[in-house]
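Chemist: Sharing a structure with you now.
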Amino acid sequence: MVTRRSTQTVGDDAVVAATGQPRAAWFELLDAQGATGWTHTRIATWLVEEQGVDAWWAQSLTVAYEQERGMREPGQRADGTFDVSVTRTVDATPAAVYALVSDDAARAAWLGPALAEVGVAGDLDVVGRTIDRSVRLRWPTEAVGGATGRARRVLLTFDATSPGVAGGSRTRVGVSYSGVPTLDEVAPLKEFWKRRLDALAALV
């Protein structure tokens, strides 16, 4: 799965409407300032304080500029790490999905057997939960996407969505994981979670 560039997700017409000029013009201004040698924070701050750009659009322009100038890969955060996110809509209530994720035995049925594929030995510990809304799992440092010296967290969220054709309950399940150290680990993690959400959907 390829992460789309910022310029592909937000149209230039929207940039002009919000900031007064297209990305290319902003990029030229930044180039003239020597911004390829700046940090992410400095670029965004300059756009807000010196050019009067709205803070949200300053962040969007900064990310796009960094990507186009080779300072940041698509999906890469300012600290150099990457985010992974996967969603799947299942035919069940948020409460039913929550039960399959929060309970250790139930979770083992759709997640446990595949964890070895990404270097996880044993199960993932639940380190936080909001009933029927979300579950947070500890991701080991030695697994794919793990960072030495710091255990990561995987957040699964459950949001009710529009009923299906038959009128039954449906839930959008989201998996989000931040701090993936390298780009090479992003695709395997996305594929892993896509297959695991398929397995979860088959149980409900």
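Ligands are numbered from 1 in the order shown, chains are lettered A, B, ... in the order of the structure tokens, and residues start at 1 in each chain.
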Considering only C-alpha atoms, return as a PyMOL selection string whatever protein or nucleic-acid residues lie within 8 Å of segment 112-125 of chain A, sequence-local ones (same chain, fewer than 2 positions apart) excluded.
Modeler: chain A and resi 107-110+127+137-140+142-144+188-189+192+196
Chemist: Can you write just those residues out, N, CA and C atoms, as a PDB file, in the first residue's frame?
Modeler:
ATOM      1  N   ARG A 107      -9.420 -12.122  21.674  1.00  0.00           N
ATOM      2  CA  ARG A 107      -8.425 -11.490  20.804  1.00  0.00           C
ATOM      3  C   ARG A 107      -7.467 -12.521  20.216  1.00  0.00           C
ATOM      4  N   ALA A 108      -7.156 -13.548  20.995  1.00  0.00           N
ATOM      5  CA  ALA A 108      -6.237 -14.585  20.526  1.00  0.00           C
ATOM      6  C   ALA A 108      -6.760 -15.297  19.288  1.00  0.00           C
ATOM      7  N   ALA A 109      -8.087 -15.358  19.132  1.00  0.00           N
ATOM      8  CA  ALA A 109      -8.676 -16.089  18.006  1.00  0.00           C
ATOM      9  C   ALA A 109      -8.396 -15.433  16.667  1.00  0.00           C
ATOM     10  N   TRP A 110      -8.338 -14.094  16.634  1.00  0.00           N
ATOM     11  CA  TRP A 110      -8.131 -13.411  15.344  1.00  0.00           C
ATOM     12  C   TRP A 110      -6.758 -12.748  15.215  1.00  0.00           C
ATOM     13  N   VAL A 127      -3.032  -2.084  27.549  1.00  0.00           N
ATOM     14  CA  VAL A 127      -2.494  -1.075  28.472  1.00  0.00           C
ATOM     15  C   VAL A 127      -3.456   0.097  28.659  1.00  0.00           C
ATOM     16  N   LEU A 137      -2.965  -1.316  22.859  1.00  0.00           N
ATOM     17  CA  LEU A 137      -2.126  -2.490  23.070  1.00  0.00           C
ATOM     18  C   LEU A 137      -0.655  -2.098  23.091  1.00  0.00           C
ATOM     19  N   ARG A 138       0.125  -2.793  23.902  1.00  0.00           N
ATOM     20  CA  ARG A 138       1.571  -2.561  23.936  1.00  0.00           C
ATOM     21  C   ARG A 138       2.228  -3.306  22.774  1.00  0.00           C
ATOM     22  N   TRP A 139       3.088  -2.605  22.020  1.00  0.00           N
ATOM     23  CA  TRP A 139       3.799  -3.211  20.900  1.00  0.00           C
ATOM     24  C   TRP A 139       5.259  -3.392  21.294  1.00  0.00           C
ATOM     25  N   PRO A 140       5.785  -4.625  21.286  1.00  0.00           N
ATOM     26  CA  PRO A 140       7.142  -4.884  21.784  1.00  0.00           C
ATOM     27  C   PRO A 140       8.232  -4.177  20.975  1.00  0.00           C
ATOM     28  N   GLU A 142      11.065  -5.385  20.129  1.00  0.00           N
ATOM     29  CA  GLU A 142      11.778  -6.276  19.210  1.00  0.00           C
ATOM     30  C   GLU A 142      10.961  -6.639  17.973  1.00  0.00           C
ATOM     31  N   ALA A 143       9.702  -6.252  17.916  1.00  0.00           N
ATOM     32  CA  ALA A 143       8.846  -6.604  16.782  1.00  0.00           C
ATOM     33  C   ALA A 143       9.075  -5.650  15.607  1.00  0.00           C
ATOM     34  N   VAL A 144       8.520  -6.005  14.448  1.00  0.00           N
ATOM     35  CA  VAL A 144       8.569  -5.106  13.285  1.00  0.00           C
ATOM     36  C   VAL A 144       7.916  -3.780  13.685  1.00  0.00           C
ATOM     37  N   PRO A 188       4.813  -3.765   5.572  1.00  0.00           N
ATOM     38  CA  PRO A 188       4.498  -5.020   6.252  1.00  0.00           C
ATOM     39  C   PRO A 188       3.503  -4.857   7.400  1.00  0.00           C
ATOM     40  N   LEU A 189       3.610  -3.761   8.144  1.00  0.00           N
ATOM     41  CA  LEU A 189       2.682  -3.533   9.246  1.00  0.00           C
ATOM     42  C   LEU A 189       1.272  -3.244   8.733  1.00  0.00           C
ATOM     43  N   PHE A 192      -0.149  -6.520   7.577  1.00  0.00           N
ATOM     44  CA  PHE A 192      -0.465  -7.353   8.728  1.00  0.00           C
ATOM     45  C   PHE A 192      -1.798  -6.949   9.348  1.00  0.00           C
ATOM     46  N   ARG A 196      -5.434  -8.866   9.674  1.00  0.00           N
ATOM     47  CA  ARG A 196      -5.989  -9.135  11.004  1.00  0.00           C
ATOM     48  C   ARG A 196      -7.390  -8.542  11.147  1.00  0.00           C
TER      49      ARG A 196
END
Chemist: Which residues in segment 6-198 of chain A does DSSP call strand (DSSP E or B)? List them as an MDAnalysis selection string.
Modeler: chainID A and resid 76 82:90 126:130 134:139 147 150 152:161 170:180
Chemist: For Ala24 of chain A, list every protein, DNA or RNA residue within 12 Å, evaluated using only C-alpha atoms, and leave out those in the same chain fewer than 4 positions away; present the list as a list of chain:residue names.
Modeler: A:Thr7, A:Asp12, A:Asp13, A:Val15, A:Val16, A:Gly20, A:Glu28, A:Leu29, A:Leu30, A:Asp31, A:Leu61, A:Ala64, A:Tyr65, A:Glu68, A:Arg69
Chemist: Could you save the residues just selected, with all heavy atoms, as a short mmCIF file (atom, residue, chain, number, x, y, z; two decimals), in the first residue's frame?
Modeler:
data_model
loop_
_atom_site.label_atom_id
_atom_site.label_comp_id
_atom_site.auth_asym_id
_atom_site.auth_seq_id
_atom_site.Cartn_x
_atom_site.Cartn_y
_atom_site.Cartn_z
N THR A 7 0.55 16.58 -1.70
CA THR A 7 0.03 17.26 -2.89
C THR A 7 -1.06 16.46 -3.58
O THR A 7 -1.83 17.00 -4.38
CB THR A 7 1.16 17.55 -3.89
OG1 THR A 7 1.87 16.33 -4.16
CG2 THR A 7 2.13 18.58 -3.34
N ASP A 12 -4.69 21.85 -5.19
CA ASP A 12 -4.10 23.19 -5.21
C ASP A 12 -5.16 24.28 -5.16
O ASP A 12 -4.91 25.37 -4.65
CB ASP A 12 -3.21 23.35 -6.45
CG ASP A 12 -1.97 24.20 -6.15
OD1 ASP A 12 -1.39 24.03 -5.06
OD2 ASP A 12 -1.61 25.02 -7.00
N ASP A 13 -6.36 23.99 -5.69
CA ASP A 13 -7.44 24.99 -5.62
C ASP A 13 -7.77 25.31 -4.17
O ASP A 13 -8.03 26.47 -3.82
CB ASP A 13 -8.69 24.47 -6.34
CG ASP A 13 -8.53 24.43 -7.85
OD1 ASP A 13 -7.55 25.03 -8.35
OD2 ASP A 13 -9.36 23.80 -8.52
N VAL A 15 -5.70 25.06 -1.66
CA VAL A 15 -4.58 25.82 -1.12
C VAL A 15 -4.71 27.29 -1.47
O VAL A 15 -4.53 28.18 -0.63
CB VAL A 15 -3.24 25.26 -1.63
CG1 VAL A 15 -2.08 26.12 -1.15
CG2 VAL A 15 -3.04 23.82 -1.18
N VAL A 16 -5.05 27.57 -2.73
CA VAL A 16 -5.22 28.96 -3.17
C VAL A 16 -6.34 29.64 -2.40
O VAL A 16 -6.20 30.78 -1.93
CB VAL A 16 -5.50 29.02 -4.69
CG1 VAL A 16 -5.84 30.44 -5.11
CG2 VAL A 16 -4.29 28.51 -5.47
N GLY A 20 -4.26 32.08 -0.48
CA GLY A 20 -4.09 33.20 -1.41
C GLY A 20 -3.20 32.93 -2.60
O GLY A 20 -3.16 33.71 -3.55
N GLU A 28 8.48 28.56 -3.76
CA GLU A 28 9.51 29.49 -4.24
C GLU A 28 9.91 30.46 -3.13
O GLU A 28 11.10 30.79 -2.98
CB GLU A 28 8.97 30.27 -5.46
CG GLU A 28 8.84 29.42 -6.72
CD GLU A 28 8.27 30.21 -7.88
OE1 GLU A 28 8.10 31.44 -7.74
OE2 GLU A 28 8.00 29.59 -8.93
N LEU A 29 8.92 30.94 -2.37
CA LEU A 29 9.23 31.84 -1.25
C LEU A 29 10.11 31.14 -0.22
O LEU A 29 11.07 31.73 0.29
CB LEU A 29 7.93 32.31 -0.59
CG LEU A 29 7.15 33.41 -1.29
CD1 LEU A 29 5.81 33.63 -0.58
CD2 LEU A 29 7.96 34.70 -1.32
N LEU A 30 9.77 29.89 0.07
CA LEU A 30 10.56 29.14 1.05
C LEU A 30 11.96 28.86 0.54
O LEU A 30 12.94 28.95 1.30
CB LEU A 30 9.84 27.83 1.39
CG LEU A 30 8.58 27.99 2.26
CD1 LEU A 30 7.75 26.71 2.24
CD2 LEU A 30 8.96 28.37 3.69
N ASP A 31 12.08 28.53 -0.74
CA ASP A 31 13.40 28.31 -1.32
C ASP A 31 14.26 29.57 -1.19
O ASP A 31 15.46 29.49 -0.87
CB ASP A 31 13.28 27.93 -2.80
CG ASP A 31 12.81 26.50 -3.00
OD1 ASP A 31 12.90 25.70 -2.06
OD2 ASP A 31 12.35 26.19 -4.13
N LEU A 61 1.26 23.01 4.23
CA LEU A 61 2.26 23.51 3.29
C LEU A 61 3.67 23.04 3.66
O LEU A 61 4.47 22.70 2.78
CB LEU A 61 2.23 25.04 3.26
CG LEU A 61 1.08 25.68 2.50
CD1 LEU A 61 1.05 27.19 2.77
CD2 LEU A 61 1.21 25.42 1.00
N ALA A 64 4.06 19.38 2.68
CA ALA A 64 4.16 19.27 1.22
C ALA A 64 5.53 19.75 0.74
O ALA A 64 6.15 19.12 -0.14
CB ALA A 64 3.05 20.09 0.57
N TYR A 65 6.00 20.85 1.30
CA TYR A 65 7.31 21.39 0.91
C TYR A 65 8.43 20.40 1.25
O TYR A 65 9.31 20.13 0.42
CB TYR A 65 7.55 22.71 1.63
CG TYR A 65 8.87 23.36 1.32
CD1 TYR A 65 9.11 23.98 0.10
CD2 TYR A 65 9.90 23.36 2.27
CE1 TYR A 65 10.33 24.58 -0.19
CE2 TYR A 65 11.13 23.95 2.00
CZ TYR A 65 11.34 24.56 0.76
OH TYR A 65 12.55 25.15 0.47
N GLU A 68 8.27 17.48 -1.25
CA GLU A 68 8.68 17.83 -2.61
C GLU A 68 10.17 18.15 -2.70
O GLU A 68 10.77 17.97 -3.76
CB GLU A 68 7.86 19.03 -3.10
CG GLU A 68 6.38 18.73 -3.29
CD GLU A 68 6.16 17.57 -4.24
OE1 GLU A 68 6.64 17.63 -5.38
OE2 GLU A 68 5.52 16.58 -3.83
N ARG A 69 10.76 18.58 -1.61
CA ARG A 69 12.19 18.92 -1.63
C ARG A 69 13.06 17.77 -1.09
O ARG A 69 14.25 17.94 -0.88
CB ARG A 69 12.45 20.19 -0.81
CG ARG A 69 11.81 21.46 -1.40
CD ARG A 69 12.38 21.77 -2.77
NE ARG A 69 11.87 23.02 -3.32
CZ ARG A 69 10.85 23.11 -4.16
NH1 ARG A 69 10.23 21.99 -4.57
NH2 ARG A 69 10.45 24.28 -4.63
#
Chemist: If I take atom CA of Gly52 of chain A and atom CA of Ala32 of chain A, how far is one from the other in Å, to one decimal?
Modeler: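 Straight-line distance from atom CA of Gly52 of chain A to atom CA of Ala32 of chain A works out to 17.5 Å.
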Chemist: Might you pull out every residue within 9 Å of Thr157 of chain A, with only C-alpha atoms counted and same-chain residues fewer than 6 positions away left off, and present them as an NGL selection string?
Modeler: :A and (94 or 98 or 132-136 or 172-176)
Chemist: Using only C-alpha atoms, find the one residue out of A:Glu191, A:Asp91, A:Glu185, A:Glu66 that sits nearest to Thr171 of chain A.
Modeler: A:Asp91
Chemist: Which of segment 62-202 of chain A counts as helix (DSSP H, G or I) under DSSP, as an MDAnalysis selection string please?
Modeler: chainID A and resid 62:68 94:102 104:110 112:118 183:202
Chemist: Any chance you could export the current selection's C-alpha atoms as a PDB file, in the first residue's frame?
Modeler:
ATOM      1  CA  THR A  62       5.276  22.584   5.410  1.00  0.00           C
ATOM      2  CA  VAL A  63       4.708  18.854   4.978  1.00  0.00           C
ATOM      3  CA  ALA A  64       4.162  19.272   1.224  1.00  0.00           C
ATOM      4  CA  TYR A  65       7.313  21.388   0.914  1.00  0.00           C
ATOM      5  CA  GLU A  66       9.410  18.885   2.850  1.00  0.00           C
ATOM      6  CA  GLN A  67       8.128  16.024   0.695  1.00  0.00           C
ATOM      7  CA  GLU A  68       8.685  17.832  -2.606  1.00  0.00           C
ATOM      8  CA  PRO A  94     -19.001  -1.164  18.587  1.00  0.00           C
ATOM      9  CA  ALA A  95     -19.710  -3.129  21.788  1.00  0.00           C
ATOM     10  CA  ALA A  96     -19.428  -6.460  19.978  1.00  0.00           C
ATOM     11  CA  VAL A  97     -16.150  -5.501  18.322  1.00  0.00           C
ATOM     12  CA  TYR A  98     -14.777  -4.085  21.559  1.00  0.00           C
ATOM     13  CA  ALA A  99     -15.442  -7.426  23.259  1.00  0.00           C
ATOM     14  CA  LEU A 100     -13.423  -9.296  20.632  1.00  0.00           C
ATOM     15  CA  VAL A 101     -10.476  -6.928  21.051  1.00  0.00           C
ATOM     16  CA  SER A 102     -10.420  -6.264  24.796  1.00  0.00           C
ATOM     17  CA  ASP A 104      -7.580 -11.815  25.922  1.00  0.00           C
ATOM     18  CA  ALA A 105      -9.103 -15.127  24.840  1.00  0.00           C
ATOM     19  CA  ALA A 106     -11.309 -13.564  22.164  1.00  0.00           C
ATOM     20  CA  ARG A 107      -8.425 -11.490  20.804  1.00  0.00           C
ATOM     21  CA  ALA A 108      -6.237 -14.585  20.526  1.00  0.00           C
ATOM     22  CA  ALA A 109      -8.676 -16.089  18.006  1.00  0.00           C
ATOM     23  CA  TRP A 110      -8.131 -13.411  15.344  1.00  0.00           C
ATOM     24  CA  GLY A 112      -2.724 -14.310  18.309  1.00  0.00           C
ATOM     25  CA  PRO A 113      -1.770 -16.894  15.655  1.00  0.00           C
ATOM     26  CA  ALA A 114      -0.393 -14.240  13.288  1.00  0.00           C
ATOM     27  CA  LEU A 115       1.724 -12.212  15.713  1.00  0.00           C
ATOM     28  CA  ALA A 116       4.841 -14.271  14.974  1.00  0.00           C
ATOM     29  CA  GLU A 117       4.691 -12.923  11.399  1.00  0.00           C
ATOM     30  CA  VAL A 118       5.760  -9.504  12.709  1.00  0.00           C
ATOM     31  CA  LEU A 183       9.828   3.267   5.822  1.00  0.00           C
ATOM     32  CA  ASP A 184      10.606  -0.382   5.024  1.00  0.00           C
ATOM     33  CA  GLU A 185       8.542  -1.455   8.037  1.00  0.00           C
ATOM     34  CA  VAL A 186       5.422   0.511   7.083  1.00  0.00           C
ATOM     35  CA  ALA A 187       4.103  -1.751   4.298  1.00  0.00           C
ATOM     36  CA  PRO A 188       4.498  -5.020   6.252  1.00  0.00           C
ATOM     37  CA  LEU A 189       2.682  -3.533   9.246  1.00  0.00           C
ATOM     38  CA  LYS A 190      -0.145  -2.198   7.097  1.00  0.00           C
ATOM     39  CA  GLU A 191      -0.561  -5.547   5.395  1.00  0.00           C
ATOM     40  CA  PHE A 192      -0.465  -7.353   8.728  1.00  0.00           C
ATOM     41  CA  TRP A 193      -3.196  -5.200  10.254  1.00  0.00           C
ATOM     42  CA  LYS A 194      -5.307  -5.336   7.097  1.00  0.00           C
ATOM     43  CA  ARG A 195      -5.336  -9.141   7.260  1.00  0.00           C
ATOM     44  CA  ARG A 196      -5.989  -9.135  11.004  1.00  0.00           C
ATOM     45  CA  LEU A 197      -8.997  -6.820  10.610  1.00  0.00           C
ATOM     46  CA  ASP A 198     -10.286  -9.142   7.893  1.00  0.00           C
ATOM     47  CA  ALA A 199     -10.003 -11.990  10.397  1.00  0.00           C
ATOM     48  CA  LEU A 200     -11.786  -9.937  13.020  1.00  0.00           C
ATOM     49  CA  ALA A 201     -14.584  -9.136  10.579  1.00  0.00           C
ATOM     50  CA  ALA A 202     -15.008 -12.839   9.822  1.00  0.00           C
TER      51      ALA A 202
END
Chemist: What is the atom CA of Gly80 of chain A to atom CA of Phe27 of chain A distance in Å?
Modeler: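 Interatomic distance, atom CA of Gly80 of chain A to atom CA of Phe27 of chain A: 21.2 Å.
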